[in-house]
Every structure is written in structure tokens, then in C-alpha cells.
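See below for query34.txt, which holds compact mmCIF, C-alpha atoms and all ligand atoms.
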```txt
# COMPACT_ATOMS: atom_id res chain seq x y z
CA MET A 811 20.51 -146.36 -76.92
CA SER A 812 19.98 -144.22 -79.98
CA ASN A 813 20.30 -146.12 -83.24
CA TYR A 814 19.09 -143.68 -85.84
CA VAL A 815 19.97 -140.06 -86.33
CA TYR A 816 17.97 -137.72 -88.56
CA ILE A 817 20.07 -135.68 -91.01
CA ASN A 818 18.50 -133.52 -93.72
CA GLY A 819 15.46 -135.68 -94.43
CA GLU A 820 16.93 -139.13 -93.85
CA PHE A 821 17.67 -141.44 -90.94
CA PHE A 822 21.17 -142.85 -90.64
CA GLU A 823 22.46 -145.51 -88.27
CA LYS A 824 24.42 -143.88 -85.47
CA ASP A 825 27.84 -144.99 -86.82
CA ASN A 826 27.00 -143.63 -90.28
CA ALA A 827 25.43 -140.39 -89.09
CA LYS A 828 27.95 -137.92 -90.51
CA VAL A 829 28.11 -134.22 -91.34
CA SER A 830 30.69 -132.55 -93.58
CA VAL A 831 33.82 -131.08 -91.98
CA PHE A 832 33.07 -128.02 -94.14
CA ASP A 833 29.81 -127.46 -92.27
CA HIS A 834 30.13 -124.12 -90.51
CA GLY A 835 28.60 -125.73 -87.44
CA PHE A 836 31.84 -127.70 -87.18
CA LEU A 837 34.22 -125.01 -88.49
CA TYR A 838 32.85 -122.10 -86.44
CA GLY A 839 30.14 -123.31 -84.07
CA ASP A 840 27.76 -121.49 -86.41
CA GLY A 841 24.35 -122.91 -85.62
CA VAL A 842 21.71 -123.39 -82.95
CA PHE A 843 20.37 -126.30 -80.93
CA GLU A 844 17.89 -127.44 -78.32
CA GLY A 845 17.78 -129.96 -75.52
CA ILE A 846 14.31 -131.46 -74.99
CA ARG A 847 13.00 -134.26 -72.79
CA ALA A 848 10.39 -136.91 -73.37
CA TYR A 849 8.51 -138.41 -70.44
CA GLY A 850 6.21 -141.44 -70.70
CA GLY A 851 5.85 -141.22 -74.48
CA ARG A 852 5.25 -137.45 -74.56
CA VAL A 853 7.60 -134.62 -75.48
CA PHE A 854 7.65 -131.94 -72.80
CA ARG A 855 7.00 -128.36 -74.00
CA LEU A 856 7.71 -129.18 -77.64
CA THR A 857 6.26 -125.93 -79.03
CA GLU A 858 8.29 -123.82 -76.59
CA HIS A 859 11.53 -125.56 -77.54
CA VAL A 860 10.90 -125.25 -81.26
CA ASP A 861 9.94 -121.59 -80.82
CA ARG A 862 13.20 -120.95 -78.96
CA LEU A 863 15.19 -122.85 -81.60
CA PHE A 864 13.68 -120.68 -84.34
CA ASP A 865 14.19 -117.49 -82.32
CA SER A 866 17.85 -118.41 -81.83
CA ALA A 867 18.14 -119.07 -85.59
CA LYS A 868 16.50 -115.74 -86.40
CA VAL A 869 18.89 -113.81 -84.16
CA ILE A 870 21.92 -115.31 -85.93
CA ALA A 871 20.23 -114.76 -89.33
CA LEU A 872 20.09 -118.48 -90.03
CA ASP A 873 17.30 -119.74 -92.30
CA PRO A 874 16.30 -123.15 -90.93
CA GLY A 875 15.01 -124.15 -94.37
CA ILE A 876 12.06 -125.95 -92.74
CA SER A 877 8.93 -124.81 -90.93
CA LYS A 878 8.34 -125.09 -87.19
CA LYS A 879 5.72 -127.74 -87.88
CA GLU A 880 8.26 -129.74 -89.90
CA MET A 881 10.78 -129.45 -87.05
CA GLU A 882 8.18 -130.70 -84.56
CA ASP A 883 7.42 -133.65 -86.83
CA ILE A 884 11.14 -134.45 -87.17
CA ILE A 885 11.51 -134.47 -83.37
CA LEU A 886 8.50 -136.76 -82.87
CA LYS A 887 9.58 -139.06 -85.71
CA THR A 888 13.12 -139.34 -84.33
CA CYS A 889 11.73 -140.41 -80.96
CA ALA A 890 9.39 -142.94 -82.57
CA LYS A 891 12.13 -144.34 -84.83
CA ASN A 892 14.36 -144.93 -81.79
CA ASN A 893 11.61 -146.15 -79.45
CA VAL A 894 12.48 -143.31 -77.11
CA SER A 895 9.59 -142.67 -74.75
CA ASP A 896 11.69 -141.38 -71.84
CA GLY A 897 14.80 -139.66 -73.08
CA TYR A 898 16.60 -136.60 -74.30
CA ILE A 899 16.27 -135.09 -77.76
CA ARG A 900 18.82 -132.88 -79.47
CA PRO A 901 17.69 -130.98 -82.59
CA ILE A 902 20.47 -129.02 -84.26
CA ILE A 903 20.34 -126.55 -87.13
CA SER A 904 23.74 -125.52 -88.41
CA ARG A 905 24.67 -123.01 -91.10
CA GLY A 906 25.52 -125.84 -93.49
CA VAL A 907 28.39 -126.56 -95.83
CA GLY A 908 30.48 -123.59 -96.95
CA ASP A 909 34.09 -122.77 -97.64
CA LEU A 910 36.89 -122.04 -95.18
CA GLY A 911 35.96 -118.36 -94.90
CA LEU A 912 33.59 -117.05 -92.23
CA ASN A 913 30.95 -115.71 -94.62
CA PRO A 914 27.70 -117.52 -93.73
CA TYR A 915 26.04 -116.29 -96.93
CA LEU A 916 28.25 -118.69 -98.89
CA CYS A 917 26.61 -121.64 -97.12
CA LYS A 918 23.80 -122.65 -99.44
CA LYS A 919 21.59 -124.72 -97.15
CA SER A 920 21.31 -125.31 -93.42
CA THR A 921 21.99 -128.76 -91.95
CA VAL A 922 19.15 -130.14 -89.83
CA VAL A 923 19.99 -132.94 -87.39
CA CYS A 924 17.97 -134.65 -84.68
CA ILE A 925 19.25 -137.15 -82.12
CA ALA A 926 17.11 -138.97 -79.53
CA ASP A 927 19.01 -140.64 -76.72
CA LYS A 928 19.37 -140.77 -72.94
CA ILE A 929 21.05 -138.26 -70.65
CA SER A 930 21.96 -138.39 -66.98
CA LEU A 931 23.99 -135.49 -65.66
CA TYR A 932 24.14 -136.09 -61.92
CA PRO A 933 23.83 -139.12 -59.62
CA GLN A 934 20.77 -139.36 -57.35
CA GLU A 935 22.94 -138.46 -54.35
CA ASP A 936 23.36 -134.92 -55.70
CA TYR A 937 19.56 -134.54 -55.88
CA ASP A 938 19.20 -135.83 -52.32
CA LYS A 939 21.99 -133.76 -50.74
CA GLY A 940 22.34 -130.80 -53.08
CA LEU A 941 25.21 -129.60 -55.22
CA ARG A 942 28.17 -127.52 -54.14
CA ILE A 943 28.94 -124.81 -56.71
CA VAL A 944 31.49 -122.00 -56.99
CA THR A 945 31.60 -118.68 -58.82
CA VAL A 946 34.17 -118.77 -61.61
CA ALA A 947 36.27 -116.08 -63.25
CA THR A 948 34.74 -116.68 -66.69
CA HIS A 949 31.86 -114.25 -67.10
CA ARG A 950 28.70 -114.89 -69.10
CA ASN A 951 28.88 -113.29 -72.54
CA TYR A 952 28.11 -109.61 -72.83
CA ASN A 953 24.55 -109.33 -74.23
CA GLU A 954 25.69 -107.42 -77.30
CA SER A 955 28.55 -109.78 -78.20
CA LEU A 956 26.68 -113.09 -78.18
CA ASN A 957 23.40 -112.78 -76.34
CA PRO A 958 23.07 -115.67 -73.86
CA ARG A 959 19.43 -116.02 -74.95
CA VAL A 960 20.74 -117.50 -78.21
CA LYS A 961 21.19 -121.23 -77.71
CA SER A 962 24.04 -121.40 -80.20
CA LEU A 963 26.47 -124.17 -81.07
CA ASN A 964 29.20 -121.93 -79.68
CA TYR A 965 29.15 -123.06 -76.05
CA LEU A 966 32.78 -122.24 -75.29
CA ASN A 967 31.78 -119.63 -72.73
CA ASN A 968 29.90 -122.32 -70.80
CA ILE A 969 32.62 -124.92 -71.39
CA MET A 970 35.31 -122.56 -70.02
CA ALA A 971 33.17 -122.15 -66.90
CA LYS A 972 32.66 -125.92 -66.65
CA ILE A 973 36.43 -126.43 -66.87
CA GLU A 974 36.90 -124.00 -63.99
CA ALA A 975 34.26 -125.83 -61.94
CA VAL A 976 35.93 -129.19 -62.46
CA GLN A 977 39.37 -127.72 -61.75
CA SER A 978 37.93 -126.36 -58.48
CA GLY A 979 36.68 -129.80 -57.50
CA VAL A 980 32.96 -129.12 -58.03
CA LYS A 981 30.51 -130.11 -60.76
CA GLU A 982 28.88 -126.80 -61.59
CA SER A 983 29.79 -123.15 -61.59
CA LEU A 984 27.98 -119.87 -61.05
CA LEU A 985 28.53 -117.34 -63.83
CA LEU A 986 28.26 -113.61 -63.34
CA ASN A 987 27.57 -111.16 -66.15
CA PRO A 988 30.14 -108.51 -67.14
CA LEU A 989 28.68 -106.14 -64.49
CA GLY A 990 29.09 -108.70 -61.71
CA TYR A 991 25.43 -109.65 -61.34
CA VAL A 992 24.45 -113.31 -61.20
CA ALA A 993 23.53 -114.72 -64.62
CA GLU A 994 23.13 -118.52 -64.49
CA CYS A 995 25.11 -121.76 -64.37
CA THR A 996 26.77 -123.50 -67.32
CA GLY A 997 23.62 -125.30 -68.46
CA ASP A 998 20.97 -124.30 -65.94
CA ASN A 999 19.00 -121.35 -64.63
CA LEU A 1000 19.30 -120.44 -60.96
CA PHE A 1001 16.59 -119.83 -58.37
CA ILE A 1002 16.62 -118.90 -54.72
CA SER A 1003 13.89 -118.71 -52.13
CA ARG A 1004 14.00 -116.25 -49.28
CA LYS A 1005 11.33 -115.40 -46.73
CA GLY A 1006 8.55 -117.03 -48.76
CA LYS A 1007 9.42 -115.41 -52.10
CA ILE A 1008 11.32 -116.80 -55.08
CA PHE A 1009 13.93 -114.84 -57.01
CA THR A 1010 15.71 -115.59 -60.30
CA PRO A 1011 17.97 -113.46 -62.52
CA SER A 1012 16.10 -111.75 -65.37
CA VAL A 1013 17.08 -112.78 -68.90
CA GLN A 1014 18.63 -109.33 -69.28
CA SER A 1015 21.10 -110.42 -66.59
CA GLY A 1016 22.59 -112.80 -69.17
CA SER A 1017 20.69 -116.03 -68.88
CA LEU A 1018 18.95 -118.33 -71.31
CA ASP A 1019 15.17 -117.98 -71.21
CA GLY A 1020 14.85 -121.44 -69.67
CA ILE A 1021 11.84 -123.58 -70.47
CA THR A 1022 12.17 -125.62 -67.27
CA ALA A 1023 12.50 -122.31 -65.41
CA ALA A 1024 9.27 -121.04 -66.98
CA ALA A 1025 7.47 -124.23 -65.93
CA VAL A 1026 8.77 -123.88 -62.36
CA VAL A 1027 7.65 -120.23 -62.26
CA GLU A 1028 4.14 -121.28 -63.34
CA LEU A 1029 4.07 -123.99 -60.65
CA ALA A 1030 5.23 -121.56 -57.95
CA GLU A 1031 2.62 -119.00 -58.98
CA LYS A 1032 -0.08 -121.70 -58.84
CA ARG A 1033 0.89 -122.10 -55.20
CA ASN A 1034 0.65 -118.33 -54.74
CA ILE A 1035 4.37 -117.93 -54.26
CA GLU A 1036 5.58 -114.65 -55.72
CA VAL A 1037 8.43 -115.00 -58.24
CA ILE A 1038 10.65 -111.98 -58.85
CA HIS A 1039 12.85 -111.73 -61.96
CA GLY A 1040 15.56 -109.13 -61.55
CA LEU A 1041 19.15 -108.21 -60.87
CA MET A 1042 20.78 -110.47 -58.30
CA SER A 1043 24.18 -110.37 -56.69
CA ARG A 1044 26.05 -113.09 -54.85
CA PHE A 1045 24.88 -111.48 -51.59
CA ASP A 1046 21.35 -112.66 -52.49
CA ILE A 1047 22.54 -116.20 -53.16
CA TRP A 1048 24.73 -116.56 -50.08
CA THR A 1049 21.95 -115.34 -47.77
CA ALA A 1050 19.11 -117.33 -49.40
CA ASP A 1051 17.02 -119.88 -47.54
CA GLU A 1052 17.17 -122.27 -50.49
CA CYS A 1053 18.80 -122.45 -53.90
CA TRP A 1054 18.20 -124.74 -56.88
CA LEU A 1055 18.93 -125.01 -60.58
CA THR A 1056 16.60 -125.80 -63.45
CA GLY A 1057 17.38 -127.17 -66.89
CA THR A 1058 16.05 -129.78 -69.27
CA ALA A 1059 18.93 -132.19 -68.67
CA ALA A 1060 19.35 -131.69 -64.89
CA GLU A 1061 15.61 -131.03 -64.40
CA MET A 1062 15.50 -129.50 -60.89
CA ILE A 1063 18.56 -129.93 -58.69
CA PRO A 1064 19.14 -128.36 -55.27
CA VAL A 1065 22.26 -126.37 -54.38
CA THR A 1066 23.29 -126.41 -50.73
CA ASN A 1067 26.69 -124.74 -50.81
CA VAL A 1068 27.79 -121.73 -52.87
CA ASP A 1069 31.38 -120.44 -52.62
CA GLY A 1070 31.83 -122.25 -49.31
CA ARG A 1071 28.69 -120.71 -47.75
CA LEU A 1072 25.98 -123.11 -46.65
CA ILE A 1073 22.65 -122.14 -48.17
CA GLY A 1074 20.09 -121.91 -45.35
CA ASP A 1075 20.80 -124.81 -43.03
CA GLY A 1076 22.71 -126.64 -45.76
CA LYS A 1077 19.89 -129.12 -46.31
CA VAL A 1078 17.53 -129.53 -49.24
CA GLY A 1079 14.57 -127.26 -48.42
CA PRO A 1080 10.77 -127.52 -48.44
CA VAL A 1081 10.11 -125.02 -51.26
CA TYR A 1082 12.37 -127.00 -53.60
CA LYS A 1083 10.79 -130.30 -52.54
CA GLN A 1084 7.26 -129.04 -53.13
CA LEU A 1085 8.07 -127.59 -56.54
CA LEU A 1086 9.99 -130.73 -57.53
CA ALA A 1087 6.90 -132.82 -56.74
CA ASP A 1088 4.77 -130.39 -58.78
CA PHE A 1089 7.29 -130.50 -61.64
CA LYS A 1090 7.30 -134.32 -61.68
CA HIS A 1091 3.52 -134.31 -61.82
CA LEU A 1092 3.59 -131.80 -64.69
CA THR A 1093 6.06 -133.88 -66.72
CA GLU A 1094 4.00 -137.01 -66.12
CA THR A 1095 0.71 -135.47 -67.19
CA THR A 1096 1.48 -133.09 -70.07
CA GLY A 1097 3.33 -133.07 -73.40
CA THR A 1098 2.95 -133.92 -77.07
CA SER A 1099 2.35 -137.60 -77.83
CA ILE A 1100 5.12 -139.31 -79.77
CA ALA A 1101 3.05 -142.00 -81.48
N1 LIG B 1 21.06 -121.98 -69.30
C1 LIG B 1 21.86 -122.56 -70.21
C2 LIG B 1 23.14 -121.90 -70.56
C3 LIG B 1 21.48 -123.78 -70.81
O1 LIG B 1 22.27 -124.35 -71.72
C4 LIG B 1 20.27 -124.38 -70.43
C5 LIG B 1 19.87 -125.71 -71.00
N2 LIG B 1 19.30 -125.62 -72.24
C6 LIG B 1 19.47 -123.73 -69.47
C7 LIG B 1 19.90 -122.54 -68.93
C8 LIG B 1 18.14 -124.30 -69.06
O2 LIG B 1 17.21 -124.16 -70.08
P1 LIG B 1 16.01 -125.18 -70.30
O3 LIG B 1 15.28 -125.28 -69.01
O4 LIG B 1 15.19 -124.58 -71.36
O5 LIG B 1 16.63 -126.48 -70.69
```
Let me see the file written as C-alpha cells.
Amino acid sequence: MSNYVYINGEFFEKDNAKVSVFDHGFLYGDGVFEGIRAYGGRVFRLTEHVDRLFDSAKVIALDPGISKKEMEDIILKTCAKNNVSDGYIRPIISRGVGDLGLNPYLCKKSTVVCIADKISLYPQEDYDKGLRIVTVATHRNYNESLNPRVKSLNYLNNIMAKIEAVQSGVKESLLLNPLGYVAECTGDNLFISRKGKIFTPSVQSGSLDGITAAAVVELAEKRNIEVIHGLMSRFDIWTADECWLTGTAAEMIPVTNVDGRLIGDGKVGPVYKQLLADFKHLTETTGTSIA
């Protein structure tokens, strides 16, 4: 359980951890965030997450008001303060307090928050048997409206798709981009394997540049499995041998049914299992020490 939340230089007890209702993060979803995991007292891929947080901020012209090094220290301190050695960390940088108008330049100073807690998205059964997912009508944002590479506080696109998934009786949905190519899921990147090769939609297809995905690509390449980033359609998914999702919160989860089509033989496959074992080893043996 998280007890202390970092806000702008101070730790507050969870019940007293408050941000102004005039913060544009609350009024407009104007801000950026990260989701990071700690394993065995080490933060996994800390530099990569902070780099992505700052890239997201740069794209929305948000001055974080702190350096990357300071952000890394805040993340490590928040874990230490809450005795989190295995958990989930949520740094947030919002535009800060302004008035009721949109203009971000009237917000004087960004708000920096960090929470360290636990997260569990899916029961073990879903990891053992694989998820069933469906394509939904909500498309991923057009790159030039809000680029999906920006991990912004405006997650309504993803939330709309999650609502459609739940309304369809499944837990996760497949989002296409405005051209009909596969982009990603609501909070995860998508991979397939077919005839010994691995394929995943390129970031230009409308997906977040996933940090778990990058780790899985490295692990696959270490095993001399070719990984191809490119345009993918649902044809590729439906006819794949295996399919799985990657994301910090879900880690690696298999998908065995997409739009009513069994993927391969409908069972969790060997490529996924091998890479999952490699991923577990990686998370257990690397990362930035908390204490
Ligand atoms: N896509 C979206 C939309 C996400 O929110 C996330 C989770 N941050 C991912 C993909 C996976 O990214 P990562 O592996 O860096 O957590």
C-alpha cells in the first residue's frame, strides 16, 4: 500500500495528497505521465522511462521545471519512502495551475507528482490461457492530432476503446489507426509470431514506443529471431501462429483469440513462453537500485 505521494518537492500522506482543481492536468488532461515497474528493489529501465516522459513533455511544449536526473531521484525516493521494492510507479507532470481558459502559457509552473504502489491488471488464469480480444470501432488517434507516441494525461481515446471492450464482454481491445492498420491495444503493444519471425506494428502505425516492447525485441534478437516493425493488418493477426501483448503493467500476456478467430491452435505458444522466461530473467537481474 502506498502511504506517501510526492507532490512538488514534498511527500504527503495518501489522503492528503491533493492537487488544485485549477491544474490543467485536471481541467484538460494537459500533462504527461509514465508507468514504471520495480522488481526486487530495482527500477526497470528507469532512464528509458524518464527519457520518454521528457520527450512527451517536449512534444506538448511542457517545461517539466526539473531535470531528468531530478526526476530519476524523485522516482527512487518515492519507492524508498514507501518501501516499494516490487511495485508500480506513476510519475506525472501536468501543466500546473492556470485559469479556466485553455491557454497553457498562463500556467506558471508544472505540477510534478510521483506515486509508488501496486498494480495487477489480469488474473494468473489469463496469463496461462491467453486473452480474448476484439477490434473496436474507436480508432487510435491520427498521428497529427495527438500523436500516440505522446504518453499524455488525455487517455480518452484508450478509455473509449476499453469501454467498447468491456461492453463486448472482453478485457482488452485491438485498435486500428485511421487507415485501418493495426496500431496497438489500450495500454499495450502487440506482437505476433509467424513462421519463426516476429512482427509488431511500427510506431508510425500509431502506437506508443513501448519500453517493454523494446526489451522483448532485444531478447528475441538475442535468440536470433528476426523482428519486423511495419504496417500490419488484421489479416496478419488472424493468421498468426502466436500473439501477445507487452506493457509495463501487464508485462507480457498471451492472446489466443482475436475477433473470434483462434490464434494458431488457440493455446499459449512456445515463442511467447521462451521470451516470457527471458523477460522474467531480465527484470530479475537488471535495473536501478532503489536504496
Ligand atoms: N501502448 C499504450 C497506449 C500504453 O499506455 C502502454 C503502457 N504505457 C504501452 C503501449 C506499453 O508501453 P510500456 O511497455 O512502455 O509500458
Extract, using all atoms listed in the file, all DNA, RNA and protein residues at most 9 Å from Val1065 of chain A, discarding same-chain residues fewer than 2 positions from it, and format them as a PDB file with C-alpha atoms, keeping the file's coordinate frame.
```pdb
ATOM      1  CA  ASP A 936      23.360-134.920 -55.700  1.00  0.00           C
ATOM      2  CA  TYR A 937      19.560-134.540 -55.880  1.00  0.00           C
ATOM      3  CA  LYS A 939      21.990-133.760 -50.740  1.00  0.00           C
ATOM      4  CA  GLY A 940      22.340-130.800 -53.080  1.00  0.00           C
ATOM      5  CA  LEU A 941      25.210-129.600 -55.220  1.00  0.00           C
ATOM      6  CA  ARG A 942      28.170-127.520 -54.140  1.00  0.00           C
ATOM      7  CA  ILE A 943      28.940-124.810 -56.710  1.00  0.00           C
ATOM      8  CA  GLU A1052      17.170-122.270 -50.490  1.00  0.00           C
ATOM      9  CA  CYS A1053      18.800-122.450 -53.900  1.00  0.00           C
ATOM     10  CA  TRP A1054      18.200-124.740 -56.880  1.00  0.00           C
ATOM     11  CA  LEU A1055      18.930-125.010 -60.580  1.00  0.00           C
ATOM     12  CA  ILE A1063      18.560-129.930 -58.690  1.00  0.00           C
ATOM     13  CA  ASN A1067      26.690-124.740 -50.810  1.00  0.00           C
ATOM     14  CA  VAL A1068      27.790-121.730 -52.870  1.00  0.00           C
ATOM     15  CA  ILE A1073      22.650-122.140 -48.170  1.00  0.00           C
ATOM     16  CA  GLY A1076      22.710-126.640 -45.760  1.00  0.00           C
ATOM     17  CA  LYS A1077      19.890-129.120 -46.310  1.00  0.00           C
ATOM     18  CA  VAL A1078      17.530-129.530 -49.240  1.00  0.00           C
TER      19      VAL A1078
END
```
Distance criterion (all atoms listed in the file): nearest to Leu984 of chain A out of A:Asn999, A:Asn813, A:Asn1034, A:Asn964:
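Closest candidate: A:Asn999.
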Taking all atoms listed in the file into account, report as a ChimeraX atom specification which residues have an atom no farther than 6 Å from an atom of ligand LIG 1 (chain B).
/A:845,996-999,1017-1018,1020-1023,1056-1058
For Ser830 of chain A, the nearest of the candidates A:Cys924, A:Val907, A:Ile870, A:Ile1002, counting all atoms listed in the file
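Going through A:Cys924, A:Val907, A:Ile870, A:Ile1002 one by one, the smallest distance to Ser830 of chain A is for A:Val907.
Of the listed residues (A:Trp1048, A:Phe1089, A:Tyr952, A:Tyr838), A:Trp1048 comes nearest to Asp1069 of chain A; the distances count all atoms listed in the file.
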Point out the residue among A:Glu974, A:Asn957, A:His949, A:Thr1098 with the least atom-to-atom distance to Pro988 of chain A, counting all atoms listed in the file.
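With all atoms listed in the file as the atom set, the closest residue is A:His949.
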Could segment 920-931 of chain A be completed with all heavy atoms and written as an mmCIF file, keeping the file's coordinate frame, please?
```cif
data_model
loop_
_atom_site.group_PDB
_atom_site.id
_atom_site.type_symbol
_atom_site.label_atom_id
_atom_site.label_comp_id
_atom_site.auth_asym_id
_atom_site.auth_seq_id
_atom_site.Cartn_x
_atom_site.Cartn_y
_atom_site.Cartn_z
ATOM 1 N N SER A 920 21.045 -124.915 -94.805
ATOM 2 C CA SER A 920 21.310 -125.310 -93.420
ATOM 3 C C SER A 920 21.340 -126.845 -93.308
ATOM 4 O O SER A 920 20.799 -127.555 -94.146
ATOM 5 C CB SER A 920 20.196 -124.782 -92.520
ATOM 6 O OG SER A 920 18.981 -125.407 -92.863
ATOM 7 N N THR A 921 21.991 -127.317 -92.259
ATOM 8 C CA THR A 921 21.990 -128.760 -91.950
ATOM 9 C C THR A 921 21.061 -128.965 -90.769
ATOM 10 O O THR A 921 21.208 -128.296 -89.742
ATOM 11 C CB THR A 921 23.410 -129.225 -91.573
ATOM 12 O OG1 THR A 921 24.297 -128.928 -92.647
ATOM 13 C CG2 THR A 921 23.451 -130.708 -91.275
ATOM 14 N N VAL A 922 20.095 -129.870 -90.917
ATOM 15 C CA VAL A 922 19.150 -130.140 -89.830
ATOM 16 C C VAL A 922 19.397 -131.563 -89.314
ATOM 17 O O VAL A 922 19.366 -132.526 -90.089
ATOM 18 C CB VAL A 922 17.691 -129.990 -90.306
ATOM 19 C CG1 VAL A 922 16.717 -130.305 -89.170
ATOM 20 C CG2 VAL A 922 17.445 -128.589 -90.843
ATOM 21 N N VAL A 923 19.679 -131.647 -88.015
ATOM 22 C CA VAL A 923 19.990 -132.940 -87.390
ATOM 23 C C VAL A 923 19.060 -133.131 -86.203
ATOM 24 O O VAL A 923 18.675 -132.157 -85.542
ATOM 25 C CB VAL A 923 21.474 -132.941 -86.914
ATOM 26 C CG1 VAL A 923 21.777 -134.167 -86.065
ATOM 27 C CG2 VAL A 923 22.432 -132.860 -88.095
ATOM 28 N N CYS A 924 18.689 -134.370 -85.925
ATOM 29 C CA CYS A 924 17.970 -134.650 -84.680
ATOM 30 C C CYS A 924 18.418 -135.995 -84.109
ATOM 31 O O CYS A 924 18.451 -137.002 -84.825
ATOM 32 C CB CYS A 924 16.458 -134.632 -84.929
ATOM 33 S SG CYS A 924 15.525 -134.690 -83.381
ATOM 34 N N ILE A 925 18.784 -135.957 -82.838
ATOM 35 C CA ILE A 925 19.250 -137.150 -82.120
ATOM 36 C C ILE A 925 18.266 -137.394 -80.974
ATOM 37 O O ILE A 925 17.838 -136.441 -80.319
ATOM 38 C CB ILE A 925 20.660 -136.926 -81.528
ATOM 39 C CG1 ILE A 925 21.647 -136.451 -82.599
ATOM 40 C CG2 ILE A 925 21.169 -138.179 -80.821
ATOM 41 C CD1 ILE A 925 22.958 -135.908 -82.029
ATOM 42 N N ALA A 926 17.913 -138.645 -80.726
ATOM 43 C CA ALA A 926 17.110 -138.970 -79.530
ATOM 44 C C ALA A 926 17.857 -140.041 -78.754
ATOM 45 O O ALA A 926 18.207 -141.083 -79.306
ATOM 46 C CB ALA A 926 15.723 -139.466 -79.936
ATOM 47 N N ASP A 927 18.142 -139.750 -77.506
ATOM 48 C CA ASP A 927 19.010 -140.640 -76.720
ATOM 49 C C ASP A 927 18.648 -140.509 -75.251
ATOM 50 O O ASP A 927 17.575 -140.002 -74.907
ATOM 51 C CB ASP A 927 20.476 -140.240 -76.971
ATOM 52 C CG ASP A 927 21.435 -141.406 -76.825
ATOM 53 O OD1 ASP A 927 21.147 -142.338 -76.064
ATOM 54 O OD2 ASP A 927 22.490 -141.364 -77.482
ATOM 55 N N LYS A 928 19.575 -140.902 -74.394
ATOM 56 C CA LYS A 928 19.370 -140.770 -72.940
ATOM 57 C C LYS A 928 20.359 -139.733 -72.427
ATOM 58 O O LYS A 928 21.400 -139.511 -73.045
ATOM 59 C CB LYS A 928 19.682 -142.099 -72.234
ATOM 60 C CG LYS A 928 18.756 -143.223 -72.616
ATOM 61 C CD LYS A 928 17.651 -143.356 -71.578
ATOM 62 C CE LYS A 928 16.597 -144.345 -72.023
ATOM 63 N NZ LYS A 928 15.253 -143.827 -72.002
ATOM 64 N N ILE A 929 20.062 -139.138 -71.287
ATOM 65 C CA ILE A 929 21.050 -138.260 -70.650
ATOM 66 C C ILE A 929 20.887 -138.382 -69.142
ATOM 67 O O ILE A 929 19.780 -138.531 -68.629
ATOM 68 C CB ILE A 929 20.906 -136.788 -71.110
ATOM 69 C CG1 ILE A 929 22.166 -135.990 -70.761
ATOM 70 C CG2 ILE A 929 19.658 -136.134 -70.536
ATOM 71 C CD1 ILE A 929 22.271 -134.641 -71.469
ATOM 72 N N SER A 930 22.004 -138.395 -68.441
ATOM 73 C CA SER A 930 21.960 -138.390 -66.980
ATOM 74 C C SER A 930 23.159 -137.577 -66.516
ATOM 75 O O SER A 930 24.303 -137.987 -66.699
ATOM 76 C CB SER A 930 22.034 -139.824 -66.474
ATOM 77 O OG SER A 930 22.222 -139.809 -65.088
ATOM 78 N N LEU A 931 22.882 -136.395 -65.987
ATOM 79 C CA LEU A 931 23.990 -135.490 -65.660
ATOM 80 C C LEU A 931 24.567 -135.739 -64.279
ATOM 81 O O LEU A 931 25.764 -135.657 -64.076
ATOM 82 C CB LEU A 931 23.518 -134.034 -65.733
ATOM 83 C CG LEU A 931 23.216 -133.453 -67.097
ATOM 84 C CD1 LEU A 931 23.033 -131.956 -66.992
ATOM 85 C CD2 LEU A 931 24.306 -133.777 -68.097
#
```
